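Undergrad: Below is the file run-v6.txt, with compact mmCIF, C-alpha atoms.
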```txt
# COMPACT_ATOMS: atom_id res chain seq x y z
CA MET A 252 63.25 -16.04 181.54
CA SER A 253 64.12 -18.90 183.86
CA MET A 254 66.96 -21.17 182.87
CA PRO A 255 66.01 -24.87 182.58
CA SER A 256 68.02 -27.42 184.47
CA ILE A 257 70.87 -29.12 182.64
CA ARG A 258 70.85 -32.88 182.71
CA PRO A 259 73.94 -34.46 184.30
CA LEU A 260 74.34 -36.43 181.06
CA ALA A 261 75.15 -33.21 179.23
CA LEU A 262 78.20 -32.48 181.34
CA ALA A 263 79.08 -36.16 181.58
CA ALA A 264 79.29 -36.31 177.80
CA LEU A 265 81.33 -33.14 177.45
CA LEU A 266 83.87 -33.55 180.25
CA PRO A 267 85.89 -36.42 178.71
CA LEU A 268 86.06 -34.59 175.38
CA LEU A 269 87.28 -31.38 176.93
CA GLY A 270 89.63 -33.16 179.27
CA ALA A 271 91.30 -35.06 176.45
CA CYS A 272 93.70 -32.17 175.93
CA ALA A 273 94.07 -31.06 179.52
CA SER A 274 97.75 -32.01 179.62
CA SER A 275 98.58 -30.75 176.15
CA GLY A 276 99.61 -27.25 177.15
CA SER A 277 96.29 -25.66 176.25
CA SER A 278 95.88 -23.90 179.62
CA THR A 279 96.88 -20.60 178.08
CA ALA A 280 98.37 -17.43 179.43
CA ALA A 281 95.01 -15.69 179.26
CA SER A 282 94.25 -12.26 180.71
CA SER A 283 92.56 -13.98 183.68
CA PRO A 284 92.50 -17.57 184.94
CA VAL A 285 90.19 -19.83 182.96
CA PRO A 286 87.36 -21.19 185.14
CA GLU A 287 87.14 -24.96 185.22
CA LEU A 288 84.38 -27.55 185.42
CA LYS A 289 86.94 -29.79 187.08
CA PRO A 290 90.77 -29.64 187.22
CA GLY A 291 92.12 -29.33 183.69
CA VAL A 292 88.69 -29.00 182.10
CA PRO A 293 87.65 -25.45 181.06
CA ALA A 294 84.17 -24.09 181.63
CA GLY A 295 82.25 -22.17 179.01
CA TYR A 296 82.02 -18.39 178.97
CA LEU A 297 78.32 -18.10 179.74
CA GLY A 298 77.88 -20.30 182.79
CA ARG A 299 74.14 -20.69 183.29
CA ASP A 300 73.38 -17.53 181.30
CA LEU A 301 72.53 -19.62 178.25
CA PRO A 302 69.74 -19.10 175.75
CA ASP A 303 66.69 -21.15 176.72
CA SER A 304 66.27 -23.59 173.84
CA LEU A 305 62.93 -24.75 175.21
CA ALA A 306 61.58 -21.22 174.92
CA LEU A 307 63.26 -20.55 171.56
CA LEU A 308 62.27 -23.64 169.62
CA PRO A 309 58.95 -25.16 168.55
CA ALA A 310 58.19 -28.75 169.45
CA PRO A 311 59.84 -31.29 167.12
CA PRO A 312 57.79 -32.56 164.18
CA ALA A 313 55.10 -35.03 165.19
CA PRO A 314 54.92 -38.45 163.53
CA GLY A 315 52.57 -38.27 160.58
CA SER A 316 53.17 -34.56 159.98
CA ALA A 317 54.52 -33.12 156.74
CA ALA A 318 57.64 -31.96 158.60
CA PHE A 319 58.31 -35.46 159.88
CA ALA A 320 57.79 -36.87 156.37
CA ASN A 321 60.55 -34.52 155.26
CA ASP A 322 62.76 -35.72 158.11
CA GLU A 323 62.22 -39.30 156.96
CA ALA A 324 62.94 -38.44 153.32
CA VAL A 325 66.24 -36.75 154.19
CA HIS A 326 67.14 -39.65 156.49
CA ALA A 327 66.64 -42.15 153.67
CA ALA A 328 68.65 -40.05 151.22
CA ALA A 329 71.50 -39.49 153.67
CA GLN A 330 71.83 -43.20 154.37
CA ARG A 331 72.62 -43.80 150.71
CA LEU A 332 75.96 -42.05 151.38
CA ARG A 333 77.28 -44.89 153.54
CA ASP A 334 80.67 -46.23 152.42
CA THR A 335 81.47 -43.02 150.55
CA PRO A 336 84.09 -40.33 151.27
CA ARG A 337 81.28 -38.12 152.59
CA TYR A 338 80.44 -40.78 155.17
CA ALA A 339 84.10 -40.97 156.18
CA GLN A 340 84.13 -37.20 156.68
CA ALA A 341 80.92 -37.38 158.71
CA THR A 342 82.65 -39.94 160.94
CA ARG A 343 85.52 -37.53 161.51
CA ASP A 344 83.06 -34.72 162.23
CA ALA A 345 81.34 -36.88 164.85
CA ASP A 346 84.46 -36.90 167.06
CA LEU A 347 84.24 -33.91 169.42
CA SER A 348 87.40 -34.76 171.34
CA PHE A 349 90.36 -32.43 171.01
CA PRO A 350 92.48 -32.01 168.93
CA ALA A 351 90.40 -33.96 166.38
CA ALA A 352 87.46 -31.56 166.62
CA SER A 353 89.47 -28.41 165.97
CA ASP A 354 91.29 -30.09 163.08
CA ASN A 355 87.97 -30.28 161.24
CA PHE A 356 87.85 -26.47 160.93
CA ALA A 357 91.52 -25.88 160.12
CA CYS A 358 91.12 -26.13 156.35
CA ALA A 359 88.26 -23.63 156.33
CA LEU A 360 90.28 -21.28 158.54
CA GLY A 361 93.36 -21.72 156.36
CA VAL A 362 95.81 -22.35 159.22
CA PRO A 363 96.39 -25.26 161.62
CA ILE A 364 94.68 -25.01 165.02
CA ASP A 365 96.67 -26.47 167.90
CA ALA A 366 97.38 -25.96 171.58
CA GLN A 367 101.00 -24.95 171.04
CA ALA A 368 100.93 -22.42 168.19
CA THR A 369 97.39 -21.05 168.68
CA PRO A 370 96.65 -21.62 172.38
CA ARG A 371 94.07 -18.86 172.81
CA LEU A 372 92.17 -19.99 169.72
CA TYR A 373 92.32 -23.59 170.92
CA MET A 374 90.89 -22.59 174.30
CA LEU A 375 88.28 -20.41 172.60
CA LEU A 376 86.94 -23.46 170.76
CA ARG A 377 86.98 -25.63 173.86
CA ARG A 378 85.05 -23.09 175.92
CA THR A 379 82.47 -22.23 173.27
CA MET A 380 81.87 -25.95 172.75
CA VAL A 381 80.58 -26.09 176.34
CA ASP A 382 78.28 -23.11 175.84
CA ALA A 383 76.86 -24.39 172.56
CA GLY A 384 76.46 -27.97 173.72
CA LEU A 385 74.77 -27.13 177.01
CA GLY A 386 72.58 -24.55 175.29
CA THR A 387 70.60 -27.34 173.62
CA TYR A 388 69.51 -29.08 176.81
CA GLY A 389 66.37 -27.17 177.67
CA ALA A 390 64.65 -28.65 174.62
CA LYS A 391 66.55 -31.96 174.74
CA ASN A 392 65.37 -32.54 178.31
CA GLN A 393 61.77 -31.71 177.51
CA TYR A 394 61.24 -33.65 174.29
CA GLN A 395 63.62 -36.62 174.56
CA ARG A 396 63.18 -37.17 170.84
CA VAL A 397 64.12 -40.60 169.49
CA ARG A 398 67.04 -40.54 167.07
CA PRO A 399 66.74 -41.96 163.55
CA PHE A 400 69.13 -44.86 164.13
CA MET A 401 67.02 -45.90 167.09
CA LEU A 402 63.68 -45.64 165.32
CA HIS A 403 64.91 -47.60 162.31
CA GLU A 404 67.05 -50.05 164.33
CA GLU A 405 70.18 -49.05 162.42
CA HIS A 406 73.61 -47.76 163.44
CA THR A 407 75.55 -44.52 163.45
CA CYS A 408 79.00 -43.85 162.07
CA LEU A 409 80.54 -44.14 165.57
CA ALA A 410 79.29 -47.25 167.33
CA ARG A 411 81.14 -46.27 170.51
CA ASP A 412 78.80 -43.29 170.96
CA GLU A 413 75.51 -45.11 170.49
CA GLU A 414 74.90 -46.10 174.10
CA ALA A 415 75.23 -42.47 175.21
CA LEU A 416 73.16 -41.21 172.28
CA ARG A 417 70.29 -43.50 173.20
CA LYS A 418 70.01 -41.67 176.54
CA ASP A 419 70.32 -38.20 175.00
CA GLY A 420 67.46 -36.50 173.17
CA SER A 421 67.85 -35.94 169.45
CA TYR A 422 66.24 -32.48 169.29
CA PRO A 423 68.01 -30.15 168.76
CA SER A 424 71.38 -31.38 167.53
CA GLY A 425 74.19 -30.56 169.94
CA HIS A 426 76.89 -31.31 167.35
CA THR A 427 75.22 -28.88 164.97
CA ALA A 428 74.97 -26.19 167.64
CA ILE A 429 78.66 -26.62 168.39
CA GLY A 430 79.74 -26.62 164.74
CA TRP A 431 77.64 -23.59 163.79
CA THR A 432 78.84 -21.69 166.88
CA TRP A 433 82.43 -22.47 165.92
CA ALA A 434 81.82 -21.33 162.35
CA MET A 435 80.51 -17.96 163.57
CA VAL A 436 83.22 -17.58 166.22
CA LEU A 437 85.96 -18.35 163.69
CA THR A 438 84.41 -15.90 161.25
CA GLN A 439 84.71 -13.28 163.99
CA VAL A 440 88.37 -14.25 164.36
CA ALA A 441 89.08 -14.34 160.61
CA PRO A 442 86.39 -12.41 158.69
CA ALA A 443 88.19 -12.88 155.37
CA ARG A 444 87.54 -16.63 155.69
CA ALA A 445 83.81 -16.20 156.34
CA ASN A 446 82.49 -18.02 153.28
CA ALA A 447 84.63 -21.10 153.82
CA LEU A 448 84.00 -21.16 157.57
CA LEU A 449 80.24 -20.77 157.36
CA ALA A 450 80.02 -23.42 154.65
CA ARG A 451 82.07 -25.75 156.85
CA GLY A 452 79.79 -25.08 159.82
CA ARG A 453 76.79 -26.02 157.73
CA GLN A 454 78.48 -29.19 156.48
CA PHE A 455 79.47 -30.11 160.04
CA GLY A 456 75.81 -30.18 161.02
CA GLU A 457 74.80 -32.06 157.88
CA SER A 458 77.30 -34.74 158.84
CA ARG A 459 74.88 -35.68 161.62
CA LEU A 460 72.35 -36.66 158.96
CA VAL A 461 74.92 -38.78 157.17
CA CYS A 462 75.91 -40.38 160.49
CA ASN A 463 72.25 -41.31 161.15
CA ALA A 464 72.41 -39.58 164.53
CA HIS A 465 69.92 -36.77 163.86
CA TRP A 466 66.89 -35.73 161.85
CA GLN A 467 66.90 -32.77 159.48
CA SER A 468 64.78 -30.70 161.89
CA ASP A 469 67.26 -31.42 164.71
CA VAL A 470 70.00 -29.92 162.59
CA LEU A 471 68.01 -26.85 161.58
CA GLU A 472 67.15 -26.02 165.17
CA GLY A 473 70.70 -26.73 166.33
CA ARG A 474 71.73 -23.74 164.21
CA ALA A 475 69.04 -21.65 165.91
CA VAL A 476 70.46 -22.47 169.35
CA ALA A 477 73.97 -21.66 168.10
CA SER A 478 72.80 -18.26 166.93
CA GLY A 479 71.43 -17.54 170.41
CA VAL A 480 74.69 -18.67 172.05
CA PHE A 481 76.76 -16.54 169.67
CA ALA A 482 74.60 -13.48 170.37
CA LYS A 483 75.02 -13.97 174.12
CA LEU A 484 78.79 -14.32 173.74
CA GLN A 485 79.03 -10.84 172.23
CA GLY A 486 78.36 -9.37 175.66
CA ASN A 487 81.04 -11.43 177.42
CA ALA A 488 84.32 -9.58 178.03
CA ASP A 489 86.42 -12.74 178.42
CA PHE A 490 85.13 -14.11 175.14
CA LEU A 491 85.87 -10.88 173.30
CA ALA A 492 89.38 -10.76 174.77
CA ASP A 493 90.03 -14.31 173.58
CA VAL A 494 88.70 -13.48 170.11
CA ALA A 495 91.13 -10.56 169.89
CA ALA A 496 94.03 -12.74 171.04
CA ALA A 497 93.04 -15.54 168.65
CA ARG A 498 92.93 -13.05 165.78
CA LYS A 499 96.57 -12.18 166.43
CA GLU A 500 97.54 -15.85 166.59
CA VAL A 501 95.89 -16.57 163.25
CA ALA A 502 97.56 -13.56 161.65
CA ALA A 503 100.93 -14.75 162.92
CA ARG A 504 100.39 -18.23 161.54
CA GLN A 505 99.33 -16.81 158.20
CA ALA A 506 102.44 -14.62 158.11
CA ALA A 507 104.57 -17.68 158.87
CA GLY A 508 102.99 -19.55 155.95
CA ALA A 509 101.54 -22.32 158.12
CA THR A 510 98.98 -24.43 156.27
CA PRO A 511 96.79 -27.34 157.40
CA THR A 512 97.07 -30.79 155.86
CA GLY A 513 94.46 -33.06 154.29
CA CYS A 514 92.43 -30.23 152.79
CA GLU A 515 92.12 -31.73 149.30
CA THR A 516 90.68 -34.93 150.75
CA GLU A 517 88.25 -32.98 152.92
CA ALA A 518 87.13 -30.77 150.04
CA ALA A 519 86.53 -33.75 147.78
CA ALA A 520 84.40 -35.47 150.44
CA LEU A 521 82.37 -32.38 151.22
CA ALA A 522 81.66 -31.74 147.54
CA THR A 523 79.02 -34.48 147.77
CA PRO A 524 75.74 -32.87 148.91
CA VAL A 525 73.21 -34.57 151.13
CA PRO A 526 70.17 -35.02 148.85
CA GLY A 527 67.14 -33.00 149.91
CA VAL A 528 68.92 -31.22 152.74
CA LEU A 529 67.60 -27.80 153.79
```
I need this file expressed as structure tokens, please.

TA:
Amino acid sequence: MSMPSIRPLALAALLPLLGACASSGSSTAASSPVPELKPGVPAGYLGRDLPDSLALLPAPPAPGSAAFANDEAVHAAAQRLRDTPRYAQATRDADLSFPAASDNFACALGVPIDAQATPRLYMLLRRTMVDAGLGTYGAKNQYQRVRPFMLHEEHTCLARDEEALRKDGSYPSGHTAIGWTWAMVLTQVAPARANALLARGRQFGESRLVCNAHWQSDVLEGRAVASGVFAKLQGNADFLADVAAARKEVAARQAAGATPTGCETEAAALATPVPGVL
């Protein structure tokens, strides 16, 4: 299977997010040097050996189809959550810069995630973010689907991102692919936390509906891409070594009684379902 080209916009969008923590001590004492996209910015584990989302996914729903009618119905329902705690959580989930992004999975994991106390876990999330995000671009490049906020002349929960989003296809959802990949990776690190982590991964993708950045079908197929990325990662020795190291870090933090903050607020916000979501 030939690998589709990756649009420069994909890397351009990811580099600032990954580089945000380049000076925070997150270049860990790994078993081998971490490859970089540029100085201080880690590469993914898979390189160009990514699942081909164009080959994996069907075309997005066509206007006038039953599937698109469902997309529109979920969009309308999700927009009724504006100015609620669920919308505030969706806004937090939209931020893929570090350490904000990893903080969003700390409550589900049960321990704080940071570059100092859990450096291998922190790097694991940064590197798998690249793999999951870039894994969506075969289909994104091909279909260039218009996002719901664009079609309806509305706004998203992060106005600063809208200019970039307008140039980046909606299908499939990159945020969802990243969040679902993280949920599965963290479950591999901490299997006892699987239920909480997988639920959080699902909610992370659903936040894109609340933020008006994606359609329901974008989110569903973002999970499909994530599953392909996660399967590919199982054959990568560096990834498996980092999972093993991260598992030890989490166990040490649990033994030390370290707990994340803000979990009651997060749980209360996420208790509100997105009506009609699949």

Undergrad: Between atom CA of A:Ala482 and atom CA of A:Ala415, what is the spacing in Å?

TA: 29.4 Å

Undergrad: Let me make sure I understand: among A:Leu372, A:Ala339, A:Leu297, A:Val476, which one has the smallest atom-to-atom distance to A:Ala357 if we use all atoms listed in the file?

TA: A:Leu372

Undergrad: Would you please work out which residue, of A:Phe400, A:Phe490, A:Tyr394, A:Trp433, is nearest to A:Pro312 when using all atoms listed in the file?

TA: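 The shortest atom-to-atom distance to A:Pro312 comes from A:Tyr394.
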
Undergrad: Please report the interatomic distance between atom CA of A:Gln454 and atom CA of A:Ala518 in Å with one decimal.

TA: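 Taking atom CA of A:Gln454 as the start and atom CA of A:Ala518 as the end point, the length is 10.9 Å.
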
Undergrad: Counting all atoms listed in the file, which of A:Ser304, A:Gly384, A:Leu347, A:Pro511 gets nearest to A:Glu472?

TA: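 Residue with the minimum atom-to-atom distance to A:Glu472: A:Ser304.
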
Undergrad: What gap, in Å, lies between atom CA of A:Arg453 and atom CA of A:Trp431?

TA: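 Computing the Euclidean distance for atom CA of A:Arg453 and atom CA of A:Trp431 yields 6.6 Å.
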
Undergrad: For each of A:Thr516, A:Val285, A:Gly315, A:Ser353, take the minimum atom-to-atom distance to A:Asp489, counting all atoms listed in the file, then give the residue where this is smallest.

TA: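 Among the listed residues, A:Val285 lies closest to A:Asp489.
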
Undergrad: Just want the 12 Å neighbourhood of A:Ile364, counted on only C-alpha atoms, with same-chain residues fewer than 3 positions away dropped. Output as a VMD selection string.

TA: chain A and resid 277 349 to 361 367 to 377 437 497 500 to 501 504 to 505 509 to 512

Undergrad: For A:Gln393, which residue out of A:Pro290, A:Gly473, A:Gly479, A:Pro423 is the nearest one, using all atoms listed in the file?

TA: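 The shortest atom-to-atom distance to A:Gln393 comes from A:Pro423.
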